[in-house]
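Report on one structure; see the data block that follows.
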Amino acid sequence: MAGQQPVVLEGVVADWALARAGAQSAAAAIAYLKRFDAGRPVTVYRGAAEMGGRFFYDETLTGFNFESGRAGLSAILDEMEARTGGTDGSSFYIGSTDLDLYLPGLRAENDLPLDHPMFRTGPLLASIWIGNRTIASTHYDMSNNLAACVVGRRRFTLFPPDQIANLYPGPLEPTPGGQVVSMVDLRAPDLERFPRFRDAMAAAQVADLAPGDLLFYPALWWHDVEAFDGFNVLINYWWNPSPAFLDTPMNTLLHAMLSLRDRPDAEKEAWRHLFDYYIFGPPDRPVAHLPEQARGPLAPLDPMTARRLRALLLNKLNR
């Protein structure tokens, strides 16, 4: 975490009960998961063979090459088991499903002792991903990630945040999974259309995970995820050490498009200096010459001052 670099920890979750069941067979893993089904409908994504497992856009970039719907977890698992050895090439997965809400009790036998103080600063979310041979197009998350490869093999291809221009991000909305995705297909990159992708691959790191392996990667690292087997389960933990009362920086980015992006270049350059001074520079510099009672939102935020600042901003936005 301090080094802000991905790392694979081999075999860390190999002794989980779910991992042991998966080592026996897909059927054993499915039977184990069904024991914890809380009966809540989950979201399932389905795609035809023509998509090659890659959940992405349709040709217009305004829709998707897959469908989604709600169904009972056990019913979907039964369908997955029936198709495990199938050859029709269709793809399906249950994505980012809250572990404690939909599979209560599973963490009692399959969990990590995340007792470091950084896991207690903000929310710690545990999710499960279940599917067959699927590809999650290259995207980033706004939280740090511990990804436990529990059943089946996966490949993560990771890119540092500074590679964004070389990854050719797609539309801000709609998005296939809630986050912006790269337009480049890693398995068949069109280098005439996306020539800078060569530089992205030169900076990439590839993590091939066997069942039982754990991958850490920092927030805002782009990652493409490919599942190789007929039945795969991944459990991940998301956390961010920033206080929960802080707003998401994505809102700031969207507001900057509204307020800054289309201004003259000279103005934008001047605003760059202001942002460097107030936001990206040393936090004590803007307040060093001010008495404490006059610092206002320039001082470190707490829940109360964050609410005041949010109210001030909402009032200005609603003019």
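Residues in the structure tokens are named by chain (A, B, ... in the order shown) and by number from 1 within that chain; ligands are numbered from 1 in the order shown.
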
Please tabulate, as a tab-separated table, the residues of range 39-86 of chain A that come within 10 Å of range 160-180 of chain A, each with its closest pair of atoms and the distance in Å to one decimal, counting only C-alpha atoms and ordering rows by chain, then residue number upward.
```
residue	atom	partner	partner_atom	distance
A:Phe55	CA	A:Pro176	CA	6.9
A:Phe56	CA	A:Pro176	CA	5.9
A:Tyr57	CA	A:Pro176	CA	6.8
A:Leu61	CA	A:Pro171	CA	7.7
A:Thr62	CA	A:Pro174	CA	6.7
A:Gly63	CA	A:Pro174	CA	7.4
A:Phe64	CA	A:Pro176	CA	6.7
A:Asn65	CA	A:Pro176	CA	9.0
A:Phe66	CA	A:Pro176	CA	9.0
```

Determine, counting only C-alpha atoms, which protein, DNA and RNA residues have an atom within 6 Å of an atom of Ala126 in chain A; residues of the same chain fewer than 2 positions away are not included. Present the result as JSON, numbers by chain.
{"A": [99, 236, 237]}

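Nearest to Ala202 in chain A of all the residues A:Leu312, A:Leu254, A:Leu158, A:Met142 is A:Leu158, counting only C-alpha atoms.
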
Skipping near chain neighbours, those fewer than 4 positions away, what residues fall within 9 Å of Asp15 in chain A using only C-alpha atoms, listed as a list in words?
Gly11, Ala19, Arg20, Asn110 and Gly212 of chain A

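With CA of Tyr93 in chain A on one side and CA of Phe231 in chain A on the other, the separation reads 9.6 Å.
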
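Using only C-alpha atoms, the nearest neighbour of Tyr278 in chain A within the list A:Trp222, A:Ala136, A:Leu298, A:Ala210 is A:Leu298.
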
What is the distance, in Å and to one decimal place, between CA of Arg153 in chain A and CA of Leu209 in chain A?
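Distance between the two atoms: 5.7 Å.
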
As an exercise, work out the distance from CA of Pro249 in chain A to CA of Ile130 in chain A in Å and give it to one decimal place.
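Computing it gives 29.5 Å between the two atoms.
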
Shell around range 23-32 of chain A at 9 Å using only C-alpha atoms, local window under 6 positions removed, as a list in words:
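Those residues are Ala17, Ser74, Leu77, Asp78, Met80, Glu81, Thr84, Val151, Gly152, Pro211, Gly230, Phe231, Asn232 and Val233 of chain A.
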
What does the file look like for those residues with N, CA, C and O atoms, as an mmCIF file, in the first residue's frame?
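Ended up saving to selection02.cif:
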```
data_model
loop_
_atom_site.group_PDB
_atom_site.id
_atom_site.type_symbol
_atom_site.label_atom_id
_atom_site.label_comp_id
_atom_site.auth_asym_id
_atom_site.auth_seq_id
_atom_site.Cartn_x
_atom_site.Cartn_y
_atom_site.Cartn_z
ATOM 1 N N ALA A 17 -12.771 -22.604 2.885
ATOM 2 C CA ALA A 17 -13.669 -23.730 2.606
ATOM 3 C C ALA A 17 -14.165 -23.695 1.169
ATOM 4 O O ALA A 17 -14.269 -24.739 0.511
ATOM 5 N N SER A 74 -29.642 -19.180 -6.245
ATOM 6 C CA SER A 74 -29.555 -20.633 -6.406
ATOM 7 C C SER A 74 -29.981 -21.064 -7.801
ATOM 8 O O SER A 74 -29.380 -21.970 -8.398
ATOM 9 N N LEU A 77 -27.132 -20.325 -10.092
ATOM 10 C CA LEU A 77 -26.057 -21.294 -9.875
ATOM 11 C C LEU A 77 -26.394 -22.638 -10.502
ATOM 12 O O LEU A 77 -25.515 -23.309 -11.064
ATOM 13 N N ASP A 78 -27.655 -23.055 -10.417
ATOM 14 C CA ASP A 78 -28.065 -24.301 -11.077
ATOM 15 C C ASP A 78 -27.853 -24.199 -12.585
ATOM 16 O O ASP A 78 -27.387 -25.158 -13.225
ATOM 17 N N MET A 80 -25.718 -22.255 -14.125
ATOM 18 C CA MET A 80 -24.274 -22.270 -14.362
ATOM 19 C C MET A 80 -23.724 -23.688 -14.305
ATOM 20 O O MET A 80 -22.891 -24.087 -15.126
ATOM 21 N N GLU A 81 -24.187 -24.456 -13.322
ATOM 22 C CA GLU A 81 -23.711 -25.839 -13.214
ATOM 23 C C GLU A 81 -24.106 -26.643 -14.452
ATOM 24 O O GLU A 81 -23.302 -27.430 -14.976
ATOM 25 N N THR A 84 -21.711 -25.705 -17.287
ATOM 26 C CA THR A 84 -20.268 -25.721 -17.036
ATOM 27 C C THR A 84 -19.508 -26.425 -18.145
ATOM 28 O O THR A 84 -18.445 -25.967 -18.586
ATOM 29 N N VAL A 151 -12.072 -19.669 -6.865
ATOM 30 C CA VAL A 151 -12.358 -20.811 -7.731
ATOM 31 C C VAL A 151 -12.022 -20.415 -9.166
ATOM 32 O O VAL A 151 -12.434 -19.338 -9.625
ATOM 33 N N GLY A 152 -11.306 -21.257 -9.888
ATOM 34 C CA GLY A 152 -10.938 -20.956 -11.264
ATOM 35 C C GLY A 152 -9.727 -20.042 -11.344
ATOM 36 O O GLY A 152 -9.262 -19.483 -10.343
ATOM 37 N N PRO A 211 -6.204 -20.547 -8.279
ATOM 38 C CA PRO A 211 -7.115 -20.586 -7.136
ATOM 39 C C PRO A 211 -6.334 -20.535 -5.819
ATOM 40 O O PRO A 211 -5.367 -21.274 -5.625
ATOM 41 N N GLY A 230 -14.597 -22.771 -16.681
ATOM 42 C CA GLY A 230 -16.042 -22.876 -16.864
ATOM 43 C C GLY A 230 -16.835 -22.392 -15.677
ATOM 44 O O GLY A 230 -18.025 -22.078 -15.805
ATOM 45 N N PHE A 231 -16.202 -22.315 -14.500
ATOM 46 C CA PHE A 231 -16.850 -21.759 -13.314
ATOM 47 C C PHE A 231 -15.785 -21.056 -12.490
ATOM 48 O O PHE A 231 -14.747 -21.627 -12.183
ATOM 49 N N ASN A 232 -16.051 -19.798 -12.161
ATOM 50 C CA ASN A 232 -15.064 -18.974 -11.462
ATOM 51 C C ASN A 232 -15.738 -18.186 -10.350
ATOM 52 O O ASN A 232 -16.862 -17.703 -10.506
ATOM 53 N N VAL A 233 -15.030 -18.051 -9.234
ATOM 54 C CA VAL A 233 -15.506 -17.221 -8.119
ATOM 55 C C VAL A 233 -14.352 -16.351 -7.651
ATOM 56 O O VAL A 233 -13.238 -16.842 -7.423
#
```

Once DSSP has gone over the backbone, tell me which residues of range 46-291 of chain A are in strand (DSSP E or B), as a VMD selection string.
chain A and resid 46 to 47 54 to 55 57 64 67 to 72 91 to 98 124 to 131 135 to 139 144 to 151 154 to 159 169 181 to 182 205 to 209 214 to 217 222 to 227 232 to 239

For each of A:Leu214, A:Ile235, A:Val181, A:Leu317, take the minimum atom-to-atom distance to Ser259 in chain A, counting only C-alpha atoms, then give the residue where this is smallest.
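For Ser259 in chain A, the nearest of the candidates is A:Leu317.
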
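When only C-alpha atoms are used to compute distances to Leu146 in chain A, the closest of the residues A:Gly22, A:Pro243, A:Gly69, A:Pro6 turns out to be A:Pro6.
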
Considering only C-alpha atoms, state which residue in the set A:Glu269, A:Leu112, A:Leu101, A:Leu186 is at the smallest distance from Arg198 in chain A.
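The shortest atom-to-atom distance to Arg198 in chain A comes from A:Leu186.
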
Residues of range 45-207 of chain A classed as alpha helix (DSSP H) by DSSP on the backbone are to be reported as a PyMOL selection string.
chain A and resi 73-83+99-102+118-121+164-167+197-203

So, with only C-alpha atoms as the atoms that count, which of A:Leu33, A:Ile135, A:Gly122, A:Asp185 lies closest to Arg107 in chain A?
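So, comparing all the options, the nearest one is A:Leu33.
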
Just want the 6 Å neighbourhood of Tyr45 in chain A, counted on only C-alpha atoms, with same-chain residues fewer than 4 positions away dropped. Output as a ChimeraX atom specification.
/A:67-68,92-93

Residue contacts of Pro41 in chain A (9 Å, only C-alpha atoms) excluding same-chain residues fewer than 2 positions away, as an MDAnalysis selection string:
chainID A and resid 38:39 43 70:73 102
